[in-house]
Amino acid sequence: MTVPRKVSRTCLRTVVDSGFADLSKMNFDISDEQKMVLDEVDRACRELRPFEDEAYLANRFNDRLVPIFRKAQLLGLPISRRYGEGQGADVLTYVLALERIGREGTGVRTFLSGHTSLGQVTVQKWGSEEQRQRYLPQATRGEKVMCFGLTEPTAGSDPGSLRTTFEEKGDHFLLNGSKAWISNGSIADVAVVFAYPREKREGMCAFIVEKGFEGYTSQQQKHKLGMPTSDTGSIFLDNCRVPKENLLGPAGKGLGVAYSGLMSGRLSVAAGCLGVIEDCIDEAVGYSRQRVQHGKQIGKHQLVQRHIGIISTNLEAAKNLVYKAALLKQRSDEQPDNKDLREHADIMIAKAKYFASNASYDAADRTVQIFGSSGYSFETRAPRHLVDTRVCRIYEGTDEIMVQKIAVGLLGTEFEAYR
Ligand SMILES: Cc1cc2nc3c(=O)[nH]c(=O)nc-3n(C[C@H](O)[C@H](O)[C@H](O)COP(=O)(O)OP(=O)(O)OC[C@H]3O[C@@H](n4cnc5c(N)ncnc54)[C@H](O)[C@@H]3O)c2cc1C
C-alpha cells in the first residue's frame, strides 16, 4: 500500500491496525451461529417486554428479567462454557446481543453490563481458576447477581482518588469505605471492588467481595432520573472481612483491572445505545405514518422527515464504530500482550461509546419531538429512552473523559489533561 507522505504515523497505525485497510475485508454479515443466538435473544426480549412495561409504569424493579434471561441462557453469554451456563460468545456476538437487548431499554441492558460485562468478564479475565469456578457458574445461572464497584461519593472520573482502603490481617483483608452509584449495587450478591492500601495512595487492589461477608451492607439509590426498572445502589464496607484468596488479579494492579473492566463495560454501553436508536426509529417511523396533521400524515412533512433521516444516519455511523470497536476488542483479547492493539481498541471503544451515547440521546429526543405531547407520556417508549439513555453520557466515563482520551490518543500522553 502506498502511503501519502503527509499521513502521520499515528493515522497510519490506526488504518493498518483496524483490519479495514483492505476494504474487501469489511464484512458485517451475521453468521448462522450468530443468528441462532440473536433469535434466542429476540425471543427472550419479547417475553420480557410486557413485564418491563408494567414495571416501568409502576416505577419498580423488573424482577422478571433474571428468570427470563436465565431461561434463555443469556446471563453469561461471553463467559466460557466451562463455567455453568456460559455460552462462550465472541465479542461481536455479545455486542449484537446487547444491541438487541438495548431496544428493551437502557435499564435492561444496564443490568447485563453490571452483571456480565463488568462483573463476570472481569473475574473471567483476572480471576484464578479457583475464583472462576467459585463465582462464574452461579453468576451465569443467575443464582448470584454481580456488580462492579469502582465509583465512590468523592471519586468518579478520577478513580485514582478512591478513599476505600484495605489492610492485611492474617488470613484476611479488612476493607473500609463506600461505593456509590453502582449498577445492581443493592441487589448484587458478589461485587468486584477496588481499594488502596491503608495510608498509601498507590498499589490499588481489586477484590471479590460477597454480600454475606461480615461488614458488607448495601442500599438502593432512589429518585433516579431514569432506569426505574433496574437497580443502582451504594455499598458500604465497614471493617469488611475479605479472605486473602479473594484478591482479584495481581497485588497492586487494581487500576489495570478496573480499566480492563471499563473497556468491556463501555463497549456494552455503546452496543445497547444502538438498540435504543433502532427502537426510536421503529417508533418514529410508525407514528409518522399514522399521525395526521394539516390533512396529511406527519411523515409527509419535510421537517419530520429530517428528524428520521438524521436518526437513521447516526445509527449507521454508530454501528460502524461499535462493530469496529468490537472487532478490535476481540483481537486485543486474543493478543493480551499486544499493548498497541489494546490502546487502539481502548480508544476505538471510547469513540464508539461517546458517539453512540450521544446519538441515542439525540434519537430519543427527536422521537419525543415527533410524538408531540404523546411523547411526553411514559406510556410511550421514546420518553423512557430519553431519560434512561441520558446516563450513557455519564457512566463508565463521561463524554468529557471520552473525548479527552480520544484527543490524547492523537496528541500523545504528554498532552494528558489529567493524571
Ligand atoms: C445510573 C448509574 C449507574 C452507574 N453504574 C456504575 C457501576 O456499575 N460501577 C461504577 O463503578 N460506577 C457506576 N456509576 C458511576 C459513574 O461511572 C460515574 O458517575 C462517572 O464515572 C462520573 O463520575 P462522577 O459522577 O463522580 O462525576 P465527576 O467525576 O465528579 O464529574 C463531574 C463533571 O466534571 C467533568 N470532569 C471531571 N473530571 C474532568 C476532567 N479531567 N476533564 C474534564 N471534565 C472533567 C465530568 O465529565 C462531569 O461532567 C454509575 C452512575 C450512574 C448514574
# chains A, B, ... in the order shown; residues from 1 in each chain; ligands from 1
>>> residues_near_ligand(ligand="ligand 1", cutoff="8 Å", atoms="only C-alpha atoms and all ligand atoms", output="number ranges by chain")
A: 110, 113-114, 118, 147-158, 179-185, 224, 226-227, 232, 391, 394-401, 404, 417-419
>>> residues_around(residues="stretch 286-294 of chain A", least_positions_apart="4", cutoff="8 Å", atoms="only C-alpha atoms", output="list in words")
Asp282, Ile298, Gly299, Lys300, Val304, Ile370 and Phe371 of chain A
>>> write_last_selection(atoms="C-alpha atoms", output="compact mmCIF listing (two decimals), in the first residue's frame")
# COMPACT_ATOMS: atom_id res chain seq x y z
CA ASP A 282 -39.38 1.98 14.82
CA ILE A 298 -46.85 13.90 9.60
CA GLY A 299 -44.23 11.72 7.87
CA LYS A 300 -45.03 13.72 4.74
CA VAL A 304 -40.37 15.45 10.37
CA ILE A 370 -42.15 13.62 16.54
CA PHE A 371 -44.65 12.25 19.05
>>> closest_atom_pairs(of="stretch 257-333 of chain A", to="stretch 27-33 of chain A", cutoff="12 Å", atoms="only C-alpha atoms", output="Markdown table")
| residue | atom | partner | partner_atom | distance |
| --- | --- | --- | --- | --- |
| A:Glu316 | CA | A:Phe28 | CA | 11.9 |
| A:Lys319 | CA | A:Phe28 | CA | 9.9 |
| A:Asn320 | CA | A:Phe28 | CA | 9.0 |
| A:Leu321 | CA | A:Phe28 | CA | 12.0 |
| A:Val322 | CA | A:Phe28 | CA | 11.5 |
| A:Tyr323 | CA | A:Phe28 | CA | 8.1 |
| A:Lys324 | CA | A:Phe28 | CA | 9.6 |
| A:Ala326 | CA | A:Phe28 | CA | 11.5 |
| A:Leu327 | CA | A:Phe28 | CA | 10.5 |
>>> write_last_selection(atoms="all heavy atoms", output="short mmCIF file (atom, residue, chain, number, x, y, z; two decimals), in the first residue's frame")
data_model
loop_
_atom_site.label_atom_id
_atom_site.label_comp_id
_atom_site.auth_asym_id
_atom_site.auth_seq_id
_atom_site.Cartn_x
_atom_site.Cartn_y
_atom_site.Cartn_z
N GLU A 316 -26.28 4.37 11.47
CA GLU A 316 -25.28 3.69 10.63
C GLU A 316 -23.87 4.04 11.08
O GLU A 316 -22.99 3.18 11.15
CB GLU A 316 -25.47 4.06 9.16
CG GLU A 316 -26.70 3.43 8.53
CD GLU A 316 -26.80 1.93 8.76
OE1 GLU A 316 -25.78 1.22 8.61
OE2 GLU A 316 -27.88 1.45 9.13
N LYS A 319 -23.16 2.28 14.33
CA LYS A 319 -22.94 0.83 14.13
C LYS A 319 -21.52 0.56 13.66
O LYS A 319 -20.86 -0.37 14.14
CB LYS A 319 -23.91 0.30 13.08
CG LYS A 319 -25.24 -0.10 13.62
CD LYS A 319 -26.00 -0.87 12.56
CE LYS A 319 -27.30 -1.34 13.13
NZ LYS A 319 -27.98 -2.31 12.31
N ASN A 320 -21.08 1.33 12.68
CA ASN A 320 -19.73 1.11 12.17
C ASN A 320 -18.69 1.25 13.27
O ASN A 320 -17.76 0.46 13.35
CB ASN A 320 -19.45 2.05 11.00
CG ASN A 320 -20.03 1.50 9.70
OD1 ASN A 320 -19.44 0.63 9.10
ND2 ASN A 320 -21.19 1.97 9.32
N LEU A 321 -18.86 2.27 14.10
CA LEU A 321 -17.91 2.47 15.20
C LEU A 321 -17.97 1.33 16.21
O LEU A 321 -16.94 0.82 16.65
CB LEU A 321 -18.23 3.78 15.92
CG LEU A 321 -17.64 5.06 15.35
CD1 LEU A 321 -18.26 6.28 16.02
CD2 LEU A 321 -16.13 5.07 15.57
N VAL A 322 -19.19 0.94 16.57
CA VAL A 322 -19.34 -0.07 17.63
C VAL A 322 -18.84 -1.43 17.15
O VAL A 322 -18.10 -2.12 17.86
CB VAL A 322 -20.82 -0.17 18.11
CG1 VAL A 322 -20.99 -1.29 19.12
CG2 VAL A 322 -21.28 1.16 18.70
N TYR A 323 -19.19 -1.80 15.92
CA TYR A 323 -18.74 -3.12 15.42
C TYR A 323 -17.21 -3.13 15.25
O TYR A 323 -16.55 -4.12 15.52
CB TYR A 323 -19.41 -3.47 14.10
CG TYR A 323 -20.92 -3.65 14.17
CD1 TYR A 323 -21.69 -3.72 13.02
CD2 TYR A 323 -21.59 -3.74 15.38
CE1 TYR A 323 -23.07 -3.89 13.06
CE2 TYR A 323 -22.96 -3.89 15.45
CZ TYR A 323 -23.70 -3.97 14.28
OH TYR A 323 -25.06 -4.12 14.33
N LYS A 324 -16.70 -2.02 14.78
CA LYS A 324 -15.24 -1.95 14.60
C LYS A 324 -14.54 -2.04 15.97
O LYS A 324 -13.54 -2.76 16.12
CB LYS A 324 -14.88 -0.63 13.91
CG LYS A 324 -13.46 -0.54 13.46
CD LYS A 324 -13.29 0.65 12.55
CE LYS A 324 -11.83 0.90 12.23
NZ LYS A 324 -11.64 2.02 11.32
N ALA A 326 -15.73 -3.54 18.52
CA ALA A 326 -15.90 -4.93 18.99
C ALA A 326 -14.84 -5.83 18.36
O ALA A 326 -14.23 -6.67 19.04
CB ALA A 326 -17.30 -5.43 18.66
N LEU A 327 -14.62 -5.65 17.06
CA LEU A 327 -13.63 -6.50 16.38
C LEU A 327 -12.23 -6.25 16.93
O LEU A 327 -11.44 -7.17 17.15
CB LEU A 327 -13.66 -6.24 14.86
CG LEU A 327 -14.96 -6.67 14.17
CD1 LEU A 327 -14.93 -6.28 12.70
CD2 LEU A 327 -15.20 -8.17 14.31
#
>>> select_by_dssp(residues="stretch 59-258 of chain A", states="helix (DSSP H, G or I)", output="PyMOL selection string")
chain A and resi 65-71+91-102+106-126+129-140+159-161+244-246+254-258
>>> write_last_selection(atoms="C-alpha atoms", output="PDB file, in the first residue's frame")
ATOM      1  CA  LEU A  65     -35.505 -10.037  33.962  1.00  0.00           C
ATOM      2  CA  VAL A  66     -33.236 -12.592  35.644  1.00  0.00           C
ATOM      3  CA  PRO A  67     -35.585 -15.600  35.318  1.00  0.00           C
ATOM      4  CA  ILE A  68     -36.432 -14.845  31.682  1.00  0.00           C
ATOM      5  CA  PHE A  69     -32.837 -14.232  30.655  1.00  0.00           C
ATOM      6  CA  ARG A  70     -31.729 -17.234  32.644  1.00  0.00           C
ATOM      7  CA  LYS A  71     -34.183 -19.491  30.854  1.00  0.00           C
ATOM      8  CA  VAL A  91     -17.080 -10.114  21.461  1.00  0.00           C
ATOM      9  CA  LEU A  92     -19.037  -9.229  18.310  1.00  0.00           C
ATOM     10  CA  THR A  93     -21.757 -11.807  19.012  1.00  0.00           C
ATOM     11  CA  TYR A  94     -22.136 -10.454  22.538  1.00  0.00           C
ATOM     12  CA  VAL A  95     -22.277  -6.909  21.173  1.00  0.00           C
ATOM     13  CA  LEU A  96     -25.009  -7.893  18.709  1.00  0.00           C
ATOM     14  CA  ALA A  97     -26.980  -9.456  21.571  1.00  0.00           C
ATOM     15  CA  LEU A  98     -26.608  -6.303  23.665  1.00  0.00           C
ATOM     16  CA  GLU A  99     -27.743  -4.243  20.691  1.00  0.00           C
ATOM     17  CA  ARG A 100     -30.992  -6.239  20.564  1.00  0.00           C
ATOM     18  CA  ILE A 101     -31.368  -6.066  24.344  1.00  0.00           C
ATOM     19  CA  GLY A 102     -30.820  -2.288  24.213  1.00  0.00           C
ATOM     20  CA  THR A 106     -31.163   1.128  28.865  1.00  0.00           C
ATOM     21  CA  GLY A 107     -32.227  -0.242  32.264  1.00  0.00           C
ATOM     22  CA  VAL A 108     -32.477  -3.797  30.943  1.00  0.00           C
ATOM     23  CA  ARG A 109     -29.119  -3.551  29.199  1.00  0.00           C
ATOM     24  CA  THR A 110     -27.523  -1.879  32.243  1.00  0.00           C
ATOM     25  CA  PHE A 111     -28.385  -4.914  34.356  1.00  0.00           C
ATOM     26  CA  LEU A 112     -26.318  -7.034  31.956  1.00  0.00           C
ATOM     27  CA  SER A 113     -23.495  -4.518  31.789  1.00  0.00           C
ATOM     28  CA  GLY A 114     -23.141  -4.664  35.582  1.00  0.00           C
ATOM     29  CA  HIS A 115     -23.713  -8.397  35.971  1.00  0.00           C
ATOM     30  CA  THR A 116     -21.862  -9.692  32.929  1.00  0.00           C
ATOM     31  CA  SER A 117     -19.674  -7.129  31.106  1.00  0.00           C
ATOM     32  CA  LEU A 118     -18.262  -5.590  34.272  1.00  0.00           C
ATOM     33  CA  GLY A 119     -18.697  -8.290  36.925  1.00  0.00           C
ATOM     34  CA  GLN A 120     -18.260 -11.678  35.272  1.00  0.00           C
ATOM     35  CA  VAL A 121     -15.941 -10.635  32.437  1.00  0.00           C
ATOM     36  CA  THR A 122     -13.550  -9.054  34.947  1.00  0.00           C
ATOM     37  CA  VAL A 123     -13.477 -12.220  37.059  1.00  0.00           C
ATOM     38  CA  GLN A 124     -13.029 -14.349  33.930  1.00  0.00           C
ATOM     39  CA  LYS A 125     -10.109 -12.209  32.771  1.00  0.00           C
ATOM     40  CA  TRP A 126      -8.298 -11.665  36.064  1.00  0.00           C
ATOM     41  CA  GLU A 129      -9.161 -20.821  38.110  1.00  0.00           C
ATOM     42  CA  GLU A 130     -10.422 -21.382  41.630  1.00  0.00           C
ATOM     43  CA  GLN A 131     -12.107 -17.942  41.712  1.00  0.00           C
ATOM     44  CA  ARG A 132     -13.697 -18.526  38.311  1.00  0.00           C
ATOM     45  CA  GLN A 133     -15.029 -21.909  39.410  1.00  0.00           C
ATOM     46  CA  ARG A 134     -16.389 -20.397  42.602  1.00  0.00           C
ATOM     47  CA  TYR A 135     -18.109 -17.323  41.171  1.00  0.00           C
ATOM     48  CA  LEU A 136     -18.855 -17.716  37.464  1.00  0.00           C
ATOM     49  CA  PRO A 137     -21.151 -20.779  37.311  1.00  0.00           C
ATOM     50  CA  GLN A 138     -23.601 -19.295  39.809  1.00  0.00           C
ATOM     51  CA  ALA A 139     -23.499 -15.921  38.011  1.00  0.00           C
ATOM     52  CA  THR A 140     -24.075 -17.407  34.559  1.00  0.00           C
ATOM     53  CA  PRO A 159     -10.565   6.572  40.169  1.00  0.00           C
ATOM     54  CA  GLY A 160      -7.069   7.383  41.420  1.00  0.00           C
ATOM     55  CA  SER A 161      -8.705   9.349  44.232  1.00  0.00           C
ATOM     56  CA  LYS A 244      -6.972 -13.478  51.290  1.00  0.00           C
ATOM     57  CA  GLU A 245      -7.894 -15.733  48.376  1.00  0.00           C
ATOM     58  CA  ASN A 246     -10.390 -13.100  47.171  1.00  0.00           C
ATOM     59  CA  GLY A 254      -6.117  -2.894  40.666  1.00  0.00           C
ATOM     60  CA  LEU A 255      -6.221   0.159  38.419  1.00  0.00           C
ATOM     61  CA  GLY A 256      -5.359  -2.037  35.414  1.00  0.00           C
ATOM     62  CA  VAL A 257      -8.107  -4.469  36.446  1.00  0.00           C
ATOM     63  CA  ALA A 258     -10.540  -1.548  36.679  1.00  0.00           C
TER      64      ALA A 258
END
>>> residues_around(residues="A:Ser178", least_positions_apart="3", cutoff="6 Å", atoms="only C-alpha atoms", output="list in words")
Ile235, Phe236 and Leu237 of chain A
>>> write_last_selection(atoms="C-alpha atoms", output="tab-separated table (two decimals), in the first residue's frame")
chain	number	residue	atom	x	y	z
A	235	ILE	CA	-22.13	-0.46	49.00
A	236	PHE	CA	-20.71	0.13	52.47
A	237	LEU	CA	-17.63	-1.68	53.68
>>> residues_around(residues="A:Ala359", least_positions_apart="2", cutoff="8 Å", atoms="only C-alpha atoms", output="MDAnalysis selection string")
chainID A and resid 273 277 311 314:315 318 355:357 361:363
>>> write_last_selection(atoms="N, CA, C and O atoms", output="CSV table (one decimal), in the first residue's frame")
chain,number,residue,atom,x,y,z
A,273,CYS,N,-26.8,1.3,23.1
A,273,CYS,CA,-27.3,2.5,22.5
A,273,CYS,C,-27.8,2.3,21.1
A,273,CYS,O,-28.7,2.9,20.6
A,277,ILE,N,-31.5,3.4,19.6
A,277,ILE,CA,-31.7,4.2,18.4
A,277,ILE,C,-32.7,3.4,17.4
A,277,ILE,O,-33.6,3.9,16.9
A,311,ILE,N,-31.6,10.6,12.5
A,311,ILE,CA,-31.5,9.5,13.4
A,311,ILE,C,-30.9,8.2,12.7
A,311,ILE,O,-30.0,7.6,13.2
A,314,ASN,N,-27.2,8.6,11.8
A,314,ASN,CA,-26.4,8.4,13.1
A,314,ASN,C,-26.3,7.0,13.5
A,314,ASN,O,-25.3,6.5,14.0
A,315,LEU,N,-27.4,6.2,13.2
A,315,LEU,CA,-27.4,4.8,13.6
A,315,LEU,C,-26.3,4.1,12.8
A,315,LEU,O,-25.5,3.3,13.3
A,318,ALA,N,-22.9,5.0,14.0
A,318,ALA,CA,-22.7,4.4,15.3
A,318,ALA,C,-22.4,2.9,15.2
A,318,ALA,O,-21.5,2.4,15.8
A,355,PHE,N,-19.9,8.4,20.7
A,355,PHE,CA,-20.8,8.7,19.6
A,355,PHE,C,-22.1,8.0,19.8
A,355,PHE,O,-23.2,8.7,19.6
A,356,ALA,N,-22.1,6.8,20.2
A,356,ALA,CA,-23.4,6.0,20.3
A,356,ALA,C,-24.3,6.6,21.4
A,356,ALA,O,-25.5,6.7,21.3
A,357,SER,N,-23.6,7.0,22.5
A,357,SER,CA,-24.4,7.6,23.6
A,357,SER,C,-25.1,8.8,23.2
A,357,SER,O,-26.3,9.0,23.5
A,361,TYR,N,-29.2,9.5,22.6
A,361,TYR,CA,-29.9,10.5,23.3
A,361,TYR,C,-30.6,11.5,22.3
A,361,TYR,O,-31.8,11.8,22.5
A,362,ASP,N,-29.9,11.8,21.3
A,362,ASP,CA,-30.4,12.6,20.2
A,362,ASP,C,-31.6,11.9,19.5
A,362,ASP,O,-32.7,12.6,19.3
A,363,ALA,N,-31.5,10.6,19.3
A,363,ALA,CA,-32.6,9.9,18.6
A,363,ALA,C,-33.8,9.9,19.5
A,363,ALA,O,-35.0,10.1,19.0
>>> atom_distance(atom1="atom CA of A:Arg141", atom2="atom CA of A:Ala72")
10.2 Å
>>> closest_residue(among="A:Ala188, A:Cys205, A:Cys392, A:Ala284", to="A:Leu162", atoms="only C-alpha atoms")
A:Cys205
>>> closest_residue(among="A:Arg241, A:Ser218, A:Val37, A:Ser234", to="A:Glu167", atoms="only C-alpha atoms")
A:Arg241
>>> closest_residue(among="A:Asp189, A:Glu143, A:Asp279, A:Glu210", to="A:Glu104", atoms="only C-alpha atoms")
A:Asp279
>>> atom_distance(atom1="atom CA of A:Ala382", atom2="atom CA of A:Arg306")
17.3 Å
>>> closest_residue(among="A:Ser264, A:Asn176, A:Thr367, A:Gln34", to="A:Asn239", atoms="only C-alpha atoms")
A:Asn176
>>> atom_distance(atom1="atom CA of A:Lys253", atom2="atom CA of A:Phe207")
11.1 Å
>>> select_by_dssp(residues="stretch 179-212 of chain A", states="strand (DSSP E or B)", output="ChimeraX atom specification")
/A:179-183,190-197,205-210
